[in-house]
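The block underneath contains the structure these notes are about, expressed in structure tokens.
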Amino acid sequence: GQTYNQWVENFWDLQNPSGFKTELRPEREQYHRGEKAVFRFRTTRDCYLTAVNIGASGAWTVLLPNTFRSDPKHTLIRASEGWVRLPSNADGFDFSVGAPFGTERVKTICALRPITLIANMNLTQSLFQLTPREASRLRDLKVTQATMREEDWSEGRAEFRSLEAGQTETAGLRGLRQHGLMPK
């Protein structure tokens, strides 16, 4: 079987060029410790939203659906709504920034009918999470093979940098920039 990291990266790399258009954007490029990160999402078709955070720690966390919005009708995003907030005020949680710091990634999958990414996902703990330490749990999880036509779902992804309070940029990025590998 594949390693935990391969599984996470395969999920991140999953793309669907045939899908309808969805967009996901962080409100800011970087957030500091204690700040609440917010994303904006919009779609060209009404769809049921699943959102997953891949943290700087390597943890894979399902942000939506969650304990507060487990019913599929609460994950329905209407195209007519335009940009919606993630997490929304209805979510019952904030995306608070903390250590470890680095790149935080969020991936969305929006489908014309409700899907369950992980068949036996337990939402009673607020947010469903897997960490690299728990890689063995992958064997017990049934990753749904969604039988959907490509035009019936879409994916989006966005990232931001999390930083310690008062920090302006991660040392790694500064180093890349000094070596001319990143735009100023």
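Just so we're on the same page: first chain in the structure tokens is A, next is B, and so on; residues restart at 1 for each chain, and ligands are numbered from 1 in the order they show up.
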Give me, as a VMD selection string, the residues of segment 1-173 of chain A that a backbone DSSP run labels strand (DSSP E). chain A and resid 22 to 26 30 to 32 36 to 37 39 to 43 47 to 54 60 to 64 76 to 77 84 to 86 95 to 96 102 to 111 128 to 130 153 to 163
Which neighbours of Ser96 of chain A fall inside 6 Å, counting only C-alpha atoms, when residues of the same chain fewer than 2 positions from it are skipped, and could you give them as a list in words?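 Residues near the query, excluding close chain neighbours: Gly34, Glu35, Lys36 and Asp94 of chain A.
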So, counting only C-alpha atoms, which residue among A:Arg25, A:Arg69, A:Ala158, A:Phe101 is closest to Ser88 of chain A? A:Arg69
Which residue of A:Gly98, A:Thr22, A:Val38, A:Arg113 approaches Pro72 of chain A most closely, using only C-alpha atoms: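 Comparing A:Gly98, A:Thr22, A:Val38, A:Arg113 against Pro72 of chain A, the winner is A:Arg113.
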Between A:Ala37, A:Val62, A:Val106, A:Val84, single out the one closest to Asn122 of chain A, counting only C-alpha atoms. A:Val62
Write out as a PyMOL selection string the residues lying within 8 Å of Leu112 of chain A, counting only C-alpha atoms and excluding same-chain residues fewer than 5 positions away. chain A and resi 45-48+152-153
Next, write the just-selected residues to a file, as a CSV table (one decimal), in the first residue's frame, keeping N, CA and C atoms as the atom set.
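Wrote it out as out05.csv, contents follow:
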```csv
chain,number,residue,atom,x,y,z
A,45,ARG,N,-22.2,26.0,-10.3
A,45,ARG,CA,-23.3,25.1,-10.2
A,45,ARG,C,-23.6,24.9,-8.7
A,46,ASP,N,-24.9,24.7,-8.3
A,46,ASP,CA,-25.2,24.3,-7.0
A,46,ASP,C,-24.5,22.9,-6.7
A,47,CYS,N,-23.8,22.8,-5.6
A,47,CYS,CA,-23.1,21.6,-5.3
A,47,CYS,C,-22.9,21.4,-3.8
A,48,TYR,N,-22.6,20.2,-3.4
A,48,TYR,CA,-22.4,19.8,-2.0
A,48,TYR,C,-20.9,19.9,-1.8
A,152,ASP,N,-19.8,16.1,-13.1
A,152,ASP,CA,-20.7,16.3,-12.0
A,152,ASP,C,-19.9,16.7,-10.7
A,153,TRP,N,-18.6,16.9,-10.8
A,153,TRP,CA,-17.9,17.4,-9.6
A,153,TRP,C,-16.7,18.3,-10.0
```
Apply DSSP to the structure's backbone, then extract all residues of segment 15-163 of chain A labelled helix (DSSP H, G or I) and return them as a list in words.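 Selection result, helix (DSSP H, G or I) within segment 15-163 of chain A: Pro72, Lys73, His74, Thr75, Ala79, Ser80, Glu81, Asn89, Ala90, Asp91, Pro132, Arg133, Glu134, Ala135, Ser136, Arg137, Leu138, Arg139, Asp140, Glu150, Glu151 and Asp152 of chain A.
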Write out as a tab-separated table a residue-level contact list of segment 74-164 of chain A versus segment 57-60 of chain A with cut-off 10 Å: for each qualifying residue the closest pair of atoms and the distance in Å to one decimal, counting only C-alpha atoms, rows sorted by chain and residue number upward.
```
residue	atom	partner	partner_atom	distance
A:Ala99	CA	A:Ser57	CA	8.2
A:Pro100	CA	A:Ser57	CA	6.0
A:Phe101	CA	A:Ser57	CA	8.0
A:Gly102	CA	A:Ser57	CA	8.5
A:Thr103	CA	A:Ser57	CA	9.1
A:Glu104	CA	A:Ser57	CA	8.8
A:Arg105	CA	A:Trp60	CA	9.6
A:Val106	CA	A:Trp60	CA	9.6
A:Phe128	CA	A:Trp60	CA	8.4
A:Gln129	CA	A:Trp60	CA	5.6
A:Leu130	CA	A:Trp60	CA	5.1
A:Thr131	CA	A:Ala59	CA	4.2
A:Pro132	CA	A:Gly58	CA	6.3
A:Arg133	CA	A:Ala59	CA	9.0
A:Glu134	CA	A:Ala59	CA	9.5
```
Close residues, Glu150 of chain A itself excluded, 12 Å, only C-alpha atoms, min 6 positions apart in chain, as an NGL selection string: :A and (15-20 or 109-112)
Report as a JSON list (two decimals) with N, CA, C and O atoms, in the first residue's frame all protein, DNA and RNA residues lying within 7 Å of Arg33 of chain A, evaluated on only C-alpha atoms, omitting residues in the same chain fewer than 2 positions from it.
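Okay, this is what ended up in result_12.json:
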```json
[["chain", "number", "residue", "atom", "x", "y", "z"],
["A", 31, "TYR", "N", -1.12, 34.29, 7.59],
["A", 31, "TYR", "CA", -1.79, 34.52, 8.87],
["A", 31, "TYR", "C", -0.79, 34.22, 9.98],
["A", 31, "TYR", "O", 0.07, 33.35, 9.82],
["A", 35, "GLU", "N", -4.47, 34.10, 14.79],
["A", 35, "GLU", "CA", -5.43, 34.70, 13.84],
["A", 35, "GLU", "C", -6.31, 33.60, 13.27],
["A", 35, "GLU", "O", -5.95, 32.42, 13.26],
["A", 97, "VAL", "N", -4.90, 29.76, 13.61],
["A", 97, "VAL", "CA", -3.53, 29.45, 13.22],
["A", 97, "VAL", "C", -2.67, 29.19, 14.46],
["A", 97, "VAL", "O", -2.72, 29.95, 15.43],
["A", 98, "GLY", "N", -1.91, 28.10, 14.42],
["A", 98, "GLY", "CA", -0.99, 27.77, 15.50],
["A", 98, "GLY", "C", 0.17, 26.96, 14.96],
["A", 98, "GLY", "O", 0.25, 26.69, 13.77],
["A", 163, "LEU", "N", 2.46, 31.85, 10.22],
["A", 163, "LEU", "CA", 3.69, 32.39, 10.79],
["A", 163, "LEU", "C", 3.53, 32.62, 12.29],
["A", 163, "LEU", "O", 2.43, 32.85, 12.78],
["A", 164, "GLU", "N", 4.66, 32.61, 12.99],
["A", 164, "GLU", "CA", 4.67, 32.96, 14.41],
["A", 164, "GLU", "C", 4.30, 34.44, 14.52],
["A", 164, "GLU", "O", 4.53, 35.21, 13.59],
["A", 165, "ALA", "N", 3.71, 34.83, 15.64],
["A", 165, "ALA", "CA", 3.36, 36.23, 15.86],
["A", 165, "ALA", "C", 4.59, 37.10, 15.66],
["A", 165, "ALA", "O", 5.67, 36.77, 16.14]]
```
For Phe160 of chain A, which residue out of A:Thr61, A:Ser80, A:Asn5, A:Gln30 is the nearest one, using only C-alpha atoms? A:Gln30
In terms of the shortest atom-to-atom distance over only C-alpha atoms, which of A:Leu24, A:Asp71, A:His32, A:Tyr4 is closest to Arg161 of chain A? A:His32
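Picture a line from atom CA of Trp7 of chain A to atom CA of Asp91 of chain A; it runs 26.9 Å.
Going from atom CA of Leu117 of chain A over to atom CA of Glu151 of chain A, you cover 17.7 Å.
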Quick check, in Å to one decimal: how far apart do atom CA of Arg78 of chain A and atom CA of Arg42 of chain A lie?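 Value for the atom CA of Arg78 of chain A-atom CA of Arg42 of chain A distance: 8.4 Å.
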